[in-house]
file query_6.txt (compact mmCIF, C-alpha atoms)
# COMPACT_ATOMS: atom_id res chain seq x y z
CA ASP A 15 107.52 126.94 89.36
CA ALA A 16 107.74 123.90 91.59
CA LYS A 17 109.06 124.61 95.09
CA THR A 18 110.90 121.29 95.22
CA THR A 19 113.89 119.78 93.44
CA GLN A 20 114.18 116.07 92.73
CA PRO A 21 116.57 113.93 90.66
CA THR A 22 115.21 113.13 87.23
CA SER A 23 115.58 109.36 87.54
CA MET A 24 116.87 106.62 89.82
CA ASP A 25 117.36 102.87 89.63
CA CYS A 26 116.83 100.38 92.41
CA ALA A 27 117.25 96.62 92.61
CA GLU A 28 114.17 94.63 93.49
CA GLY A 29 114.04 93.82 97.20
CA ARG A 30 116.38 96.64 98.15
CA ALA A 31 115.41 99.92 99.76
CA ALA A 32 114.68 102.81 97.43
CA ASN A 33 115.65 106.20 98.84
CA LEU A 34 114.22 109.13 96.95
CA PRO A 35 115.53 112.58 97.92
CA CYS A 36 113.77 115.92 97.68
CA ASN A 37 115.06 119.42 98.31
CA HIS A 38 112.63 122.08 99.51
CA SER A 39 114.90 124.79 100.86
CA THR A 40 112.22 127.53 100.74
CA ILE A 41 109.60 125.59 102.70
CA SER A 42 107.51 127.71 105.05
CA GLY A 43 106.81 126.84 108.66
CA ASN A 44 103.22 125.82 108.01
CA GLU A 45 103.92 123.78 104.88
CA TYR A 46 103.86 120.02 104.87
CA VAL A 47 105.87 117.72 102.62
CA TYR A 48 103.62 115.43 100.57
CA TRP A 49 104.64 112.52 98.39
CA TYR A 50 102.64 111.09 95.53
CA ARG A 51 103.49 108.56 92.87
CA GLN A 52 102.13 107.96 89.38
CA ILE A 53 102.30 104.53 87.89
CA HIS A 54 102.07 104.35 84.11
CA SER A 55 98.53 104.87 82.78
CA GLN A 56 97.17 105.76 86.22
CA GLY A 57 96.53 108.97 88.13
CA PRO A 58 98.83 110.15 90.92
CA GLN A 59 98.43 108.28 94.20
CA TYR A 60 99.01 109.82 97.63
CA ILE A 61 101.74 108.04 99.60
CA ILE A 62 102.60 109.92 102.79
CA HIS A 63 103.09 113.37 104.27
CA GLY A 64 104.83 115.03 107.20
CA LEU A 65 105.52 118.36 108.84
CA LYS A 66 108.53 117.94 111.12
CA ASN A 67 108.66 114.43 112.43
CA ASN A 68 109.52 111.30 110.51
CA GLU A 69 106.48 109.36 109.40
CA THR A 70 105.81 105.76 108.45
CA ASN A 71 102.81 104.00 106.98
CA GLU A 72 102.17 100.74 105.16
CA MET A 73 103.58 102.09 101.94
CA ALA A 74 106.69 104.05 102.90
CA SER A 75 108.69 106.06 105.40
CA LEU A 76 109.35 109.78 105.24
CA ILE A 77 112.50 111.26 106.77
CA ILE A 78 112.55 115.07 107.12
CA THR A 79 115.78 116.83 108.06
CA GLU A 80 115.80 118.92 111.21
CA ASP A 81 115.99 122.17 109.24
CA ARG A 82 113.14 120.88 107.01
CA LYS A 83 115.00 121.87 103.87
CA SER A 84 115.08 118.36 102.49
CA SER A 85 113.41 114.99 102.89
CA THR A 86 113.76 111.39 101.76
CA LEU A 87 111.04 108.94 100.85
CA ILE A 88 112.02 105.37 101.64
CA LEU A 89 110.42 102.31 100.07
CA PRO A 90 111.91 99.63 102.33
CA HIS A 91 111.67 96.65 99.97
CA ALA A 92 111.10 97.87 96.44
CA THR A 93 109.15 95.67 94.03
CA LEU A 94 108.73 95.86 90.27
CA ARG A 95 105.31 97.39 90.88
CA ASP A 96 106.98 100.37 92.58
CA THR A 97 108.32 101.52 89.20
CA ALA A 98 106.67 104.94 88.83
CA VAL A 99 107.22 108.69 88.85
CA TYR A 100 107.45 109.99 92.43
CA TYR A 101 106.43 113.57 93.17
CA CYS A 102 107.45 115.56 96.22
CA ILE A 103 105.38 118.68 96.86
CA VAL A 104 105.12 121.19 99.66
CA SER A 105 101.78 122.58 100.66
CA THR A 106 99.84 123.82 103.63
CA ASN A 107 97.13 121.37 104.58
CA THR A 108 94.61 123.81 103.18
CA GLY A 109 96.61 124.05 99.96
CA GLY A 110 95.39 127.36 98.63
CA PHE A 111 94.50 125.63 95.33
CA LYS A 112 98.03 126.06 94.00
CA THR A 113 99.39 122.57 94.38
CA ILE A 114 102.35 122.50 92.02
CA PHE A 115 103.64 119.19 90.79
CA GLY A 116 107.14 119.29 89.37
CA ALA A 117 108.69 116.74 87.02
CA GLY A 118 109.24 114.21 89.82
CA THR A 119 111.72 111.31 89.97
CA ARG A 120 111.26 108.38 87.64
CA LEU A 121 112.13 105.28 89.69
CA PHE A 122 113.03 102.11 87.82
CA VAL A 123 112.97 98.96 89.94
CA LYS A 124 114.96 96.23 88.23
CA ALA A 125 114.83 92.48 88.78
CA GLU B 24 90.22 101.87 93.55
CA THR B 25 90.78 105.50 94.44
CA GLY B 26 87.16 106.55 94.89
CA VAL B 27 87.40 108.86 91.88
CA THR B 28 86.06 107.50 88.60
CA GLN B 29 86.64 109.10 85.21
CA THR B 30 84.93 108.26 81.94
CA PRO B 31 85.74 107.64 79.22
CA ARG B 32 89.29 106.32 79.69
CA HIS B 33 90.15 107.08 76.08
CA LEU B 34 88.66 109.58 73.65
CA VAL B 35 89.54 110.40 70.07
CA MET B 36 87.82 113.40 68.54
CA GLY B 37 88.09 115.76 65.62
CA MET B 38 88.73 119.44 66.06
CA THR B 39 85.12 120.36 65.32
CA ASN B 40 83.53 117.81 67.63
CA LYS B 41 81.87 118.47 70.99
CA LYS B 42 82.45 115.96 73.76
CA SER B 43 82.41 115.84 77.55
CA LEU B 44 84.62 114.22 80.14
CA LYS B 45 82.99 112.99 83.32
CA CYS B 46 84.34 112.60 86.83
CA GLU B 47 82.57 111.18 89.87
CA GLN B 48 83.90 110.96 93.39
CA HIS B 49 82.53 108.60 96.04
CA LEU B 50 84.51 110.04 98.95
CA GLY B 51 82.20 112.76 100.22
CA HIS B 52 84.79 115.40 99.41
CA ASN B 53 83.97 119.08 99.04
CA ALA B 54 86.46 120.09 96.36
CA MET B 55 87.14 118.80 92.86
CA TYR B 56 89.87 119.61 90.35
CA TRP B 57 90.73 119.24 86.68
CA TYR B 58 94.39 118.80 85.69
CA LYS B 59 96.02 118.47 82.28
CA GLN B 60 99.10 116.27 81.83
CA SER B 61 100.84 116.62 78.48
CA ALA B 62 103.66 114.35 77.41
CA LYS B 63 106.97 115.23 79.10
CA LYS B 64 105.33 118.03 81.15
CA PRO B 65 104.28 118.33 84.79
CA LEU B 66 100.66 118.32 85.79
CA GLU B 67 98.93 121.64 85.09
CA LEU B 68 96.02 122.70 87.28
CA MET B 69 93.10 123.84 85.12
CA PHE B 70 90.05 124.36 87.34
CA VAL B 71 89.09 124.05 90.99
CA TYR B 72 85.56 123.71 92.35
CA SER B 73 84.73 124.17 96.01
CA LEU B 74 81.24 123.12 97.07
CA GLU B 75 80.10 123.35 93.43
CA GLU B 76 81.45 126.86 92.97
CA ARG B 77 84.38 127.50 90.66
CA VAL B 78 87.18 129.09 92.67
CA GLU B 79 90.12 128.81 90.30
CA ASN B 80 90.53 129.08 86.55
CA ASN B 81 94.18 128.92 85.56
CA SER B 82 93.97 130.90 82.30
CA VAL B 83 92.39 127.99 80.51
CA PRO B 84 91.08 128.67 76.97
CA SER B 85 87.32 128.95 76.65
CA ARG B 86 87.17 125.84 74.46
CA PHE B 87 87.34 124.00 77.81
CA SER B 88 84.17 124.53 79.86
CA PRO B 89 83.84 122.93 83.30
CA GLU B 90 80.59 122.13 85.04
CA CYS B 91 80.00 120.98 88.61
CA PRO B 92 76.30 120.15 89.12
CA ASN B 93 76.86 118.78 92.62
CA SER B 94 79.73 118.01 94.95
CA SER B 95 80.15 114.47 93.59
CA HIS B 96 80.21 115.15 89.87
CA LEU B 97 82.46 117.21 87.63
CA PHE B 98 82.38 117.58 83.87
CA LEU B 99 84.74 119.07 81.33
CA HIS B 100 82.97 120.07 78.13
CA LEU B 101 85.20 120.19 75.08
CA HIS B 102 84.55 122.17 71.90
CA THR B 103 86.72 123.08 68.92
CA LEU B 104 89.89 121.68 70.42
CA GLN B 105 93.36 121.95 68.91
CA PRO B 106 95.93 119.20 68.36
CA GLU B 107 98.01 120.57 71.25
CA ASP B 108 95.11 119.79 73.57
CA SER B 109 95.89 116.10 73.22
CA ALA B 110 96.84 115.01 76.74
CA LEU B 111 95.83 113.04 79.79
CA TYR B 112 93.08 114.86 81.69
CA LEU B 113 92.97 114.04 85.37
CA CYS B 114 90.24 114.70 87.89
CA ALA B 115 90.96 114.89 91.61
CA SER B 116 89.08 115.58 94.82
CA SER B 117 89.97 116.59 98.36
CA GLN B 118 88.08 116.80 101.62
CA ASP B 119 88.63 120.50 102.05
CA PRO B 120 88.83 123.08 99.28
CA GLY B 121 92.47 123.47 98.37
CA GLY B 122 93.40 120.77 100.85
CA GLN B 123 95.66 117.77 100.75
CA PRO B 124 95.88 114.99 100.05
CA GLN B 125 94.14 114.91 96.73
CA HIS B 126 92.66 111.72 95.37
CA PHE B 127 93.03 111.28 91.62
CA GLY B 128 91.14 109.32 89.02
CA ASP B 129 93.01 107.42 86.34
CA GLY B 130 92.33 110.07 83.73
CA THR B 131 90.96 110.35 80.23
CA ARG B 132 93.51 110.01 77.45
CA LEU B 133 92.35 112.53 74.83
CA SER B 134 93.61 112.55 71.25
CA ILE B 135 92.65 115.33 68.85
CA LEU B 136 92.81 114.49 65.17
call {"tool": "encode", "arguments": {"input": "query_6.txt", "output": "structure tokens"}}
result
Amino acid sequence: DAKTTQPTSMDCAEGRAANLPCNHSTISGNEYVYWYRQIHSQGPQYIIHGLKNNETNEMASLIITEDRKSSTLILPHATLRDTAVYYCIVSTNTGGFKTIFGAGTRLFVKA
Amino acid sequence: ETGVTQTPRHLVMGMTNKKSLKCEQHLGHNAMYWYKQSAKKPLELMFVYSLEERVENNSVPSRFSPECPNSSHLFLHLHTLQPEDSALYLCASSQDPGGQPQHFGDGTRLSIL
């Protein structure tokens, strides 16, 4: 079973920030939070990851709570091309081959 | 362009046919993976190869036979498939065996008649 819980779907208006939550209450101390997304007809694409501190890159920001039991992926200015399924997973950086993708959150960005 | 290329993108085959899916990674990674993604289901890990050696086989039926001739190429040989095997088959690679992040190809959409 997936070690994370995400809402099934979310809507966001184009140009607004999309905030996607993820619960990972059983995360271990050496496990990172990774985010991927899968656009229709494509393979999953890595977005960002973090351990304790908040992270930002050209695609998104990742906010991890102090107790590390939940996190939020932020797309600061969502576009129609951000419509996709977003997966939150927890894994050590050596993985152990058991990367488990749950059902993810289907984000609809609307004009 | 993810650096992981899968061919063909689409494949239709009968249950008695033999076909192969191909994956090539141009990233210099040491590990490669096969996943199955059925409609309305999460990704399922099928096989993991580390430095050309199979290290994980997630109870996959023998009608699926993987092959990893070198660290850049991965094949999935298909034989006597069932209609429920229709799915998107995704290949991925990572720098370190079992490591993150994984880089995925765009998959082969397989339909079994």
call {"tool": "closest_residue", "arguments": {"input": "query_6.txt", "among": "B:Gly37, B:Pro89, B:Pro65, B:Gly51", "to": "chain A", "atoms": "only C-alpha atoms"}}
result
B:Pro65
call {"tool": "closest_atom_pairs", "arguments": {"input": "query_6.txt", "of": "chain A", "to": "chain B", "cutoff": "12 Å", "atoms": "all atoms listed in the file", "output": "CSV"}}
result
residue,atom,partner,partner_atom,distance
A:Asp15,CA,B:Pro65,CA,10.3
A:Ala16,CA,B:Pro65,CA,9.4
A:Thr22,CA,B:Lys63,CA,11.8
A:Glu45,CA,B:Gln123,CA,11.0
A:Tyr46,CA,B:Gln123,CA,9.4
A:Val47,CA,B:Gln123,CA,10.4
A:Tyr48,CA,B:Pro124,CA,7.8
A:Trp49,CA,B:Pro124,CA,9.3
A:Tyr50,CA,B:Pro124,CA,9.0
A:Arg51,CA,B:Phe127,CA,10.9
A:Gln52,CA,B:Asp129,CA,9.6
A:Ile53,CA,B:Asp129,CA,9.9
A:His54,CA,B:Asp129,CA,9.8
A:Ser55,CA,B:Asp129,CA,7.0
A:Gln56,CA,B:Asp129,CA,4.5
A:Gly57,CA,B:Asp129,CA,4.2
A:Pro58,CA,B:Phe127,CA,6.0
A:Gln59,CA,B:Phe127,CA,6.7
A:Tyr60,CA,B:Pro124,CA,6.5
A:Ile61,CA,B:Pro124,CA,9.1
A:Ile62,CA,B:Pro124,CA,8.9
A:His63,CA,B:Pro124,CA,8.5
A:Gly64,CA,B:Pro124,CA,11.5
A:Val99,CA,B:Pro65,CA,10.9
A:Tyr100,CA,B:Pro65,CA,11.7
A:Tyr101,CA,B:Pro65,CA,9.9
A:Ile103,CA,B:Gln123,CA,10.5
A:Val104,CA,B:Gln123,CA,10.1
A:Ser105,CA,B:Gln123,CA,7.8
A:Thr106,CA,B:Gly122,CA,7.6
A:Asn107,CA,B:Gly122,CA,5.3
A:Thr108,CA,B:Gly122,CA,4.0
A:Gly109,CA,B:Gly121,CA,4.5
A:Gly110,CA,B:Gly121,CA,4.9
A:Phe111,CA,B:Gly121,CA,4.2
A:Lys112,CA,B:Gly121,CA,7.5
A:Thr113,CA,B:Leu68,CA,7.9
A:Ile114,CA,B:Leu66,CA,7.7
A:Phe115,CA,B:Leu66,CA,5.9
A:Gly116,CA,B:Pro65,CA,5.5
A:Ala117,CA,B:Pro65,CA,5.2
A:Gly118,CA,B:Pro65,CA,8.2
A:Thr119,CA,B:Pro65,CA,11.5
A:Arg120,CA,B:Lys63,CA,11.8
call {"tool": "residues_around", "arguments": {"input": "query_6.txt", "residues": "segment 33-43 of chain A", "least_positions_apart": "6", "cutoff": "9 Å", "atoms": "all atoms listed in the file", "output": "PyMOL selection string"}}
result
chain A and resi 17-21+24+26+65+81-90+100-106+119+121
call {"tool": "write_last_selection", "arguments": {"input": "query_6.txt", "atoms": "C-alpha atoms", "output": "short mmCIF file (atom, residue, chain, number, x, y, z; two decimals), in the frame of the given file"}}
result
data_model
loop_
_atom_site.label_atom_id
_atom_site.label_comp_id
_atom_site.auth_asym_id
_atom_site.auth_seq_id
_atom_site.Cartn_x
_atom_site.Cartn_y
_atom_site.Cartn_z
CA LYS A 17 109.06 124.61 95.09
CA THR A 18 110.90 121.29 95.22
CA THR A 19 113.89 119.78 93.44
CA GLN A 20 114.18 116.07 92.73
CA PRO A 21 116.57 113.93 90.66
CA MET A 24 116.87 106.62 89.82
CA CYS A 26 116.83 100.38 92.41
CA LEU A 65 105.52 118.36 108.84
CA ASP A 81 115.99 122.17 109.24
CA ARG A 82 113.14 120.88 107.01
CA LYS A 83 115.00 121.87 103.87
CA SER A 84 115.08 118.36 102.49
CA SER A 85 113.41 114.99 102.89
CA THR A 86 113.76 111.39 101.76
CA LEU A 87 111.04 108.94 100.85
CA ILE A 88 112.02 105.37 101.64
CA LEU A 89 110.42 102.31 100.07
CA PRO A 90 111.91 99.63 102.33
CA TYR A 100 107.45 109.99 92.43
CA TYR A 101 106.43 113.57 93.17
CA CYS A 102 107.45 115.56 96.22
CA ILE A 103 105.38 118.68 96.86
CA VAL A 104 105.12 121.19 99.66
CA SER A 105 101.78 122.58 100.66
CA THR A 106 99.84 123.82 103.63
CA THR A 119 111.72 111.31 89.97
CA LEU A 121 112.13 105.28 89.69
#
call {"tool": "residues_near_point", "arguments": {"input": "query_6.txt", "point": "(81.7, 114.3, 84.7)", "cutoff": "12 Å", "atoms": "all atoms listed in the file", "output": "ChimeraX atom specification"}}
result
/B:27-31,42-48,55-57,88-101,112-115,128,130-131
call {"tool": "closest_residue", "arguments": {"input": "query_6.txt", "among": "B:Thr103, B:His33, B:Glu76, B:Gly26", "to": "Leu50 of chain B", "atoms": "all atoms listed in the file"}}
result
B:Gly26
call {"tool": "atom_distance", "arguments": {"input": "query_6.txt", "atom1": "atom CA of Met38 of chain B", "atom2": "atom CA of Ser82 of chain B"}}
result
20.6 Å
call {"tool": "atom_distance", "arguments": {"input": "query_6.txt", "atom1": "atom CA of Ile135 of chain B", "atom2": "atom CA of Met36 of chain B"}}
result
5.2 Å
call {"tool": "atom_distance", "arguments": {"input": "query_6.txt", "atom1": "atom CA of Thr97 of chain A", "atom2": "atom CA of Ser23 of chain A"}}
result
10.8 Å
call {"tool": "residues_around", "arguments": {"input": "query_6.txt", "residues": "Ser109 of chain B", "least_positions_apart": "3", "cutoff": "8 Å", "atoms": "all atoms listed in the file", "output": "PyMOL selection string"}}
result
chain B and resi 61+105-106+132-135
call {"tool": "closest_residue", "arguments": {"input": "query_6.txt", "among": "A:Asn44, A:Asn68, A:Ala32, A:Asp25", "to": "Lys124 of chain A", "atoms": "all atoms listed in the file"}}
result
A:Asp25
